[in-house]
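A.B. asks: One file is attached below, run-v7.tsv, containing TSV, C-alpha atoms.
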chain	number	residue	atom	x	y	z
A	1	MET	CA	3.73	7.80	12.49
A	2	GLU	CA	6.02	9.35	9.90
A	3	ASN	CA	8.24	6.99	7.95
A	4	LYS	CA	11.17	7.25	5.57
A	5	LEU	CA	9.07	6.94	2.42
A	6	ALA	CA	8.22	9.90	0.19
A	7	LEU	CA	5.51	9.56	-2.42
A	8	GLY	CA	6.64	10.27	-5.96
A	9	THR	CA	3.67	11.45	-7.98
A	10	ALA	CA	4.84	11.32	-11.60
A	11	GLN	CA	2.56	8.31	-12.15
A	12	LEU	CA	-0.43	10.31	-10.90
A	13	GLY	CA	0.01	12.88	-13.65
A	14	LEU	CA	1.24	10.87	-16.62
A	15	LYS	CA	2.20	7.35	-17.70
A	16	TYR	CA	5.67	6.84	-16.26
A	17	GLY	CA	8.10	3.93	-16.02
A	18	ILE	CA	9.24	1.18	-18.36
A	19	ALA	CA	7.18	-1.45	-16.52
A	20	ASN	CA	4.02	0.65	-16.16
A	21	ARG	CA	1.14	-1.32	-17.66
A	22	GLU	CA	-1.59	0.47	-15.72
A	23	GLY	CA	-1.22	3.94	-17.19
A	24	ARG	CA	-2.23	7.03	-15.24
A	25	PRO	CA	-4.92	6.40	-12.59
A	26	GLU	CA	-8.18	8.30	-12.86
A	27	ARG	CA	-8.47	11.37	-10.63
A	28	GLY	CA	-10.54	9.71	-7.90
A	29	LYS	CA	-8.12	6.82	-7.53
A	30	ALA	CA	-5.17	9.21	-7.52
A	31	ILE	CA	-6.76	11.16	-4.66
A	32	GLU	CA	-7.30	7.87	-2.81
A	33	ILE	CA	-3.60	7.04	-3.19
A	34	LEU	CA	-2.64	10.39	-1.67
A	35	LYS	CA	-5.03	9.90	1.25
A	36	THR	CA	-3.69	6.40	1.89
A	37	ALA	CA	-0.15	7.77	1.94
A	38	VAL	CA	-1.03	10.47	4.48
A	39	ASP	CA	-2.92	8.00	6.69
A	40	ALA	CA	0.16	5.76	6.65
A	41	GLY	CA	2.46	8.51	7.90
A	42	ILE	CA	4.04	9.60	4.61
A	43	ARG	CA	4.70	13.32	4.90
A	44	VAL	CA	6.60	14.17	1.72
A	45	PHE	CA	5.03	14.39	-1.75
A	46	ASP	CA	7.42	14.76	-4.68
A	47	THR	CA	6.14	16.28	-7.91
A	48	ALA	CA	7.27	18.50	-10.80
A	49	TYR	CA	5.92	21.06	-13.24
A	50	MET	CA	6.50	18.50	-16.00
A	51	TYR	CA	4.59	15.62	-14.37
A	52	GLY	CA	1.40	16.20	-16.31
A	53	GLU	CA	-1.56	16.75	-13.96
A	54	SER	CA	0.35	15.69	-10.84
A	55	GLU	CA	0.48	19.14	-9.22
A	56	GLU	CA	-3.23	19.70	-9.86
A	57	VAL	CA	-4.10	16.32	-8.32
A	58	ILE	CA	-2.14	17.16	-5.17
A	59	GLY	CA	-3.71	20.61	-5.00
A	60	GLU	CA	-7.21	19.17	-5.28
A	61	PHE	CA	-6.43	16.64	-2.56
A	62	LEU	CA	-5.06	19.26	-0.16
A	63	LYS	CA	-8.04	21.56	-0.63
A	64	SER	CA	-10.34	18.79	0.63
A	65	ASN	CA	-7.87	17.21	3.05
A	66	PRO	CA	-5.80	19.92	4.80
A	67	CYS	CA	-2.76	18.27	6.38
A	68	ASP	CA	0.86	18.89	7.28
A	69	ILE	CA	2.63	17.78	4.12
A	70	SER	CA	6.08	18.76	2.81
A	71	LEU	CA	5.77	19.40	-0.92
A	72	ILE	CA	8.63	19.23	-3.38
A	73	SER	CA	8.31	20.43	-6.95
A	74	LYS	CA	10.79	20.98	-9.76
A	75	MET	CA	11.39	23.66	-12.33
A	76	PRO	CA	11.04	22.60	-15.98
A	77	HIS	CA	13.85	22.94	-18.47
A	78	LEU	CA	14.46	26.57	-19.40
A	79	SER	CA	14.68	26.52	-23.18
A	80	GLY	CA	16.25	29.54	-24.80
A	81	GLU	CA	17.43	32.53	-22.81
A	82	ILE	CA	17.24	32.20	-19.03
A	83	SER	CA	14.98	34.90	-17.71
A	84	GLU	CA	13.75	35.91	-14.28
A	85	LYS	CA	10.22	36.20	-15.68
A	86	ALA	CA	10.17	32.57	-16.85
A	87	ILE	CA	11.62	31.21	-13.58
A	88	ARG	CA	9.17	33.11	-11.41
A	89	GLY	CA	6.33	32.22	-13.75
A	90	TYR	CA	6.93	28.48	-13.46
A	91	PHE	CA	7.21	28.68	-9.68
A	92	ASP	CA	4.05	30.75	-9.30
A	93	GLU	CA	2.18	28.35	-11.57
A	94	SER	CA	3.30	25.37	-9.48
A	95	LEU	CA	2.14	27.09	-6.28
A	96	LYS	CA	-1.20	27.81	-7.93
A	97	ARG	CA	-1.63	24.22	-9.07
A	98	LEU	CA	-0.67	22.91	-5.64
A	99	ALA	CA	-2.98	25.42	-3.94
A	100	GLN	CA	-0.14	26.51	-1.67
A	101	LYS	CA	1.50	29.78	-0.67
A	102	ARG	CA	4.84	28.06	0.02
A	103	ILE	CA	6.43	24.63	-0.35
A	104	TYR	CA	9.17	22.66	1.36
A	105	SER	CA	11.60	22.58	-1.55
A	106	TYR	CA	11.84	23.74	-5.13
A	107	MET	CA	14.34	21.78	-7.19
A	108	ILE	CA	16.41	22.29	-10.28
A	109	HIS	CA	15.26	19.45	-12.53
A	110	PHE	CA	17.99	19.85	-15.13
A	111	THR	CA	21.57	20.71	-14.16
A	112	LYS	CA	22.24	21.96	-17.69
A	113	ASP	CA	20.06	24.98	-16.90
A	114	LEU	CA	22.53	25.96	-14.19
A	115	VAL	CA	25.46	25.37	-16.54
A	116	ALA	CA	23.85	27.77	-19.02
A	117	ASP	CA	23.02	30.33	-16.32
A	118	ARG	CA	26.33	32.18	-16.31
A	119	LYS	CA	24.82	35.22	-14.57
A	120	GLY	CA	23.55	33.17	-11.62
A	121	ILE	CA	19.95	34.30	-12.12
A	122	ILE	CA	18.47	31.00	-10.90
A	123	ALA	CA	20.59	30.90	-7.76
A	124	GLY	CA	19.75	34.49	-6.91
A	125	ILE	CA	16.01	33.97	-7.23
A	126	MET	CA	15.99	30.73	-5.24
A	127	LYS	CA	17.99	32.31	-2.42
A	128	GLU	CA	15.44	35.10	-2.38
A	129	TRP	CA	12.56	32.61	-2.15
A	130	LYS	CA	14.28	30.85	0.73
A	131	LYS	CA	14.87	34.12	2.57
A	132	GLU	CA	11.20	35.06	2.10
A	133	GLY	CA	10.03	31.69	3.39
A	134	LEU	CA	8.47	30.60	0.11
A	135	ILE	CA	10.70	27.51	0.22
A	136	GLN	CA	12.61	25.93	3.09
A	137	LYS	CA	15.24	24.19	1.01
A	138	ILE	CA	16.88	24.75	-2.34
A	139	GLY	CA	16.97	21.41	-4.14
A	140	VAL	CA	18.62	19.72	-7.10
A	141	SER	CA	17.77	16.54	-8.97
A	142	VAL	CA	20.76	14.77	-10.50
A	143	TYR	CA	21.77	11.66	-12.41
A	144	ASP	CA	25.47	11.21	-11.78
A	145	ARG	CA	28.65	12.24	-9.97
A	146	GLU	CA	29.67	14.65	-12.73
A	147	GLU	CA	26.56	16.76	-12.13
A	148	ILE	CA	27.10	16.68	-8.37
A	149	ASP	CA	30.70	17.85	-8.73
A	150	PHE	CA	29.55	20.81	-10.84
A	151	LEU	CA	26.80	21.73	-8.36
A	152	ARG	CA	29.06	21.59	-5.32
A	153	THR	CA	31.34	24.11	-7.00
A	154	HIS	CA	28.78	26.41	-8.63
A	155	PHE	CA	25.45	26.18	-6.81
A	156	GLY	CA	24.45	26.08	-3.16
A	157	PHE	CA	21.81	23.47	-2.35
A	158	ASP	CA	20.24	21.99	0.78
A	159	LEU	CA	18.50	18.92	-0.64
A	160	ILE	CA	19.52	16.53	-3.40
A	161	GLN	CA	17.57	13.81	-5.18
A	162	ILE	CA	19.68	11.01	-6.62
A	163	PRO	CA	19.12	7.77	-8.53
A	164	LEU	CA	20.00	4.81	-6.32
A	165	ASN	CA	19.09	1.13	-6.51
A	166	ILE	CA	20.55	-2.35	-6.19
A	167	PHE	CA	21.87	-2.19	-9.77
A	168	ASP	CA	23.14	1.40	-9.55
A	169	GLN	CA	25.41	1.72	-6.52
A	170	ARG	CA	27.86	4.17	-8.09
A	171	LEU	CA	27.30	7.02	-5.64
A	172	ILE	CA	27.89	4.69	-2.69
A	173	LYS	CA	31.04	3.12	-4.06
A	174	ASP	CA	32.71	6.40	-5.00
A	175	GLY	CA	32.03	7.99	-1.61
A	176	THR	CA	29.63	10.66	-2.92
A	177	LEU	CA	26.91	9.96	-0.35
A	178	THR	CA	29.38	10.17	2.51
A	179	GLU	CA	30.67	13.51	1.20
A	180	LEU	CA	27.15	14.92	0.84
A	181	LYS	CA	26.26	13.94	4.39
A	182	LYS	CA	29.36	15.71	5.68
A	183	ARG	CA	27.92	18.85	4.06
A	184	ASN	CA	24.70	18.31	6.05
A	185	CYS	CA	22.76	17.78	2.86
A	186	GLU	CA	19.34	16.11	2.90
A	187	ILE	CA	19.42	13.14	0.50
A	188	HIS	CA	16.41	11.61	-1.24
A	189	ALA	CA	16.80	8.42	-3.27
A	190	ARG	CA	14.71	7.86	-6.38
A	191	SER	CA	14.49	5.20	-9.09
A	192	ILE	CA	14.89	2.46	-6.49
A	193	PHE	CA	13.24	-0.05	-8.83
A	194	LEU	CA	15.09	1.40	-11.85
A	195	GLN	CA	11.79	2.48	-13.44
A	196	GLY	CA	10.42	-1.02	-12.90
A	197	VAL	CA	13.30	-3.02	-14.39
A	198	VAL	CA	13.53	-4.96	-11.11
A	199	PHE	CA	10.19	-6.55	-12.00
A	200	LEU	CA	11.07	-7.53	-15.58
A	201	ARG	CA	12.25	-10.98	-16.66
A	202	GLY	CA	12.79	-12.85	-19.92
A	203	ASP	CA	11.09	-11.38	-22.98
A	204	ASP	CA	9.74	-8.46	-20.92
A	205	LEU	CA	13.27	-7.07	-20.64
A	206	PRO	CA	13.98	-4.73	-23.60
A	207	PRO	CA	16.90	-5.76	-25.83
A	208	HIS	CA	19.00	-2.74	-24.80
A	209	LEU	CA	18.80	-3.86	-21.16
A	210	LYS	CA	19.71	-7.52	-21.66
A	211	GLY	CA	23.04	-6.71	-20.03
A	212	LEU	CA	21.17	-6.62	-16.71
A	213	LEU	CA	20.16	-10.28	-16.95
A	214	PRO	CA	23.11	-11.55	-14.85
A	215	CYS	CA	22.21	-9.02	-12.13
A	216	LEU	CA	18.54	-10.00	-12.22
A	217	GLU	CA	19.44	-13.67	-11.97
A	218	LYS	CA	21.76	-12.97	-9.04
A	219	LEU	CA	18.99	-10.95	-7.39
A	220	ASP	CA	16.61	-13.90	-7.72
A	221	PHE	CA	19.26	-16.19	-6.23
A	222	PHE	CA	19.75	-13.88	-3.24
A	223	ALA	CA	15.97	-13.67	-2.81
A	224	ARG	CA	15.69	-17.43	-2.52
A	225	LYS	CA	18.67	-17.57	-0.18
A	226	ILE	CA	17.43	-15.07	2.41
A	227	GLY	CA	13.69	-15.57	2.03
A	228	PHE	CA	12.84	-12.08	0.78
A	229	SER	CA	11.31	-11.28	-2.60
A	230	SER	CA	13.29	-9.39	-5.24
A	231	GLU	CA	10.99	-6.42	-4.73
A	232	GLU	CA	11.56	-6.48	-0.97
A	233	ILE	CA	15.33	-6.58	-1.40
A	234	ALA	CA	15.26	-3.67	-3.85
A	235	LEU	CA	13.21	-1.44	-1.55
A	236	LEU	CA	14.68	-2.45	1.79
A	237	TYR	CA	18.28	-2.14	0.58
A	238	VAL	CA	17.84	1.56	-0.21
A	239	TYR	CA	15.54	2.15	2.78
A	240	SER	CA	18.18	0.80	5.17
A	241	LEU	CA	21.07	2.93	3.90
A	242	PRO	CA	22.21	5.37	6.62
A	243	TRP	CA	22.83	8.29	4.22
A	244	ILE	CA	19.29	8.32	2.86
A	245	ASP	CA	16.71	10.62	4.47
A	246	LYS	CA	13.80	9.77	2.16
A	247	VAL	CA	13.09	7.02	-0.36
A	248	VAL	CA	10.87	8.23	-3.20
A	249	ILE	CA	8.42	5.63	-4.46
A	250	GLY	CA	5.85	6.01	-7.20
A	251	VAL	CA	2.74	3.90	-7.64
A	252	GLU	CA	-0.12	3.57	-10.12
A	253	LYS	CA	-2.46	1.78	-7.71
A	254	LYS	CA	-3.37	1.95	-4.03
A	255	SER	CA	-2.51	-1.74	-3.68
A	256	GLN	CA	1.07	-1.04	-4.76
A	257	LEU	CA	1.41	1.63	-2.10
A	258	LEU	CA	0.01	-0.69	0.57
A	259	ASN	CA	2.45	-3.37	-0.54
A	260	ASN	CA	5.41	-0.99	-0.22
A	261	LEU	CA	4.22	0.06	3.23
A	262	ALA	CA	4.05	-3.59	4.28
A	263	ILE	CA	7.57	-4.17	2.98
A	264	ILE	CA	9.19	-1.44	5.07
A	265	ASN	CA	7.79	-3.11	8.19
A	266	LYS	CA	10.32	-5.85	7.48
A	267	SER	CA	13.31	-3.51	7.62
A	268	ILE	CA	14.66	-4.80	10.94
A	269	SER	CA	14.63	-8.47	9.92
A	270	PHE	CA	16.10	-7.50	6.53
A	271	ARG	CA	19.16	-5.96	8.18
A	272	ASP	CA	19.90	-9.32	9.79
A	273	ALA	CA	19.32	-11.25	6.54
A	274	LEU	CA	21.58	-8.84	4.67
A	275	LYS	CA	24.57	-10.17	6.61
A	276	SER	CA	24.45	-13.44	4.66
A	277	ILE	CA	24.73	-11.91	1.16
A	278	ASP	CA	27.02	-9.43	-0.57
A	279	ILE	CA	24.57	-7.03	-2.17
A	280	SER	CA	27.38	-5.06	-3.81
A	281	LEU	CA	27.57	-7.95	-6.30
A	282	LEU	CA	24.28	-6.78	-7.78
A	283	GLY	CA	25.73	-3.46	-8.90
A	284	ALA	CA	25.90	-3.20	-12.70
A	285	ASN	CA	27.01	0.45	-12.47
A	286	GLU	CA	27.25	0.69	-16.27
A	287	PRO	CA	25.66	4.00	-17.33
A	288	SER	CA	24.12	2.52	-20.49
A	289	LEU	CA	22.24	0.04	-18.28
A	290	VAL	CA	21.39	2.06	-15.17
A	291	ASP	CA	20.92	5.60	-16.51
A	292	PRO	CA	17.47	5.93	-18.17
A	293	ARG	CA	18.71	8.92	-20.16
A	294	LYS	CA	20.91	6.52	-22.12
A	295	TRP	CA	18.22	3.93	-22.90
As structure tokens, what does this structure read like?
C.D. replies:
Amino acid sequence: MENKLALGTAQLGLKYGIANREGRPERGKAIEILKTAVDAGIRVFDTAYMYGESEEVIGEFLKSNPCDISLISKMPHLSGEISEKAIRGYFDESLKRLAQKRIYSYMIHFTKDLVADRKGIIAGIMKEWKKEGLIQKIGVSVYDREEIDFLRTHFGFDLIQIPLNIFDQRLIKDGTLTELKKRNCEIHARSIFLQGVVFLRGDDLPPHLKGLLPCLEKLDFFARKIGFSSEEIALLYVYSLPWIDKVVIGVEKKSQLLNNLAIINKSISFRDALKSIDISLLGANEPSLVDPRKW
């Protein structure tokens, strides 16, 4: 049975996340993670050209395990002059790595590439790919409202990936998610554990993130009050939001994936427990604390 989770695969291609102590899993274990995800009903894999060996791992898995999976990849930053040759080259290379002739969505990984693309080369090529059936949806990956405002004015997209977690509720509070849904946009939430900050306490929390201590302490208080762990609250909060179509989770180990799958089975009881706390109080919403680009 398909669920609302999407598997983020950055961790399968490189060491990723502030709380990652495991490093990148060896190829065999990475393949096992992908198989476990498929067996559990996860039907979206999220990757990117820049995620190390991630695309190759997925491609190897799909060659041996043909299945109906929606693949999302992202274009790397276009340094220097924006050229049609470079854009098509990156896309073709991703398809080759993934061992696919087409994918569900190809995303702009860096909005600044679109800002620099005054001739609209990127938009033209992606519309062409969509028309030809090489992609179903044109996607964008963003960090904040400013980027979204630019995109809505200058670039047509069908799918958007946003950062969203218990500490970063900015796009909920300012009405952005509601506006995107009115445009019939598919919304995927990422960074739901804020790159693992949800799991850090005390000396494990880097000095530049000490400002999150009050939020972490409040999270622990809420966890005790409603009988859910901090991890469960972080995942189930985003999973239960009505605007969100997919929640992107990344793991380094199969056991982490199985744990996340077990957590989402508690979504119904969590909705009832949520009535006894005000989760908006956990929102730090300070860019220097919730935007990894500023760490």
A.B. asks: Show me, as a list in words, the residues that have an atom within 8 Å of stretch 147-156 of chain A when counting all atoms listed in the file, minus same-chain residues fewer than 5 positions from it.
C.D. replies: Thr111, Leu114, Ala123, Ile138 and Val142 of chain A
A.B. asks: Compare A:Phe222, A:Tyr90, A:Phe167, A:Tyr143 by their minimum atom-to-atom distance to A:Gly196, counting only C-alpha atoms, and give me the closest one.
C.D. replies: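 For A:Gly196, the nearest of the candidates is A:Phe167.
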A.B. asks: Restricting the calculation to only C-alpha atoms: of A:Arg145, A:Asp272, A:Arg97, A:Gly41, which residue gets closest to A:Asp174?
C.D. replies: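 Closest residue, counting only C-alpha atoms: A:Arg145.
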A.B. asks: For A:Gln169, which residue out of A:Gly28, A:Pro292, A:Gly283, A:Gly120 is the nearest one, using all atoms listed in the file?
C.D. replies: A:Gly283
A.B. asks: For a quick check of understanding, using all atoms listed in the file, which of A:Leu180, A:Asn260, A:Asp245, A:Lys96 has the smallest distance to A:Glu232?
C.D. replies: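 Smallest separation from A:Glu232 among the options: A:Asn260.
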A.B. asks: For A:Lys254, work out the shell of residues within 9 Å, counting all atoms listed in the file and skipping chain neighbours fewer than 5 positions away, then give it as a list in words.
C.D. replies: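 Residues meeting the cut-off are Lys29, Ala30, Glu32, Ile33, Leu34, Thr36, Ala37 and Asn259 of chain A.
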A.B. asks: Using only C-alpha atoms - which residues lie no farther than 7 Å from the point (23.1, -2.7, -19.0) in the file's frame? Write them as a list of chain:residue names.
C.D. replies: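 These residues have at least one counted atom within 7 Å: A:Leu209, A:Lys210, A:Gly211, A:Leu212, A:Ala284, A:Glu286, A:Ser288, A:Leu289, A:Val290.
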A.B. asks: Can you work out which one of A:Glu179, A:Leu71, A:Pro163, A:Leu205 has the shortest atom-to-atom distance to A:Ile192, counting only C-alpha atoms?
C.D. replies: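 Looking at the shortest contact to A:Ile192, the residue is A:Pro163.
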A.B. asks: Report as a list of chain:residue names all protein, DNA and RNA residues lying within 7 Å of A:Phe193, evaluated on all atoms listed in the file, omitting residues in the same chain fewer than 3 positions from it.
C.D. replies: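 In the requested form, the answer reads A:Asn165, A:Gly196, A:Val197, A:Val198, A:Ala234.
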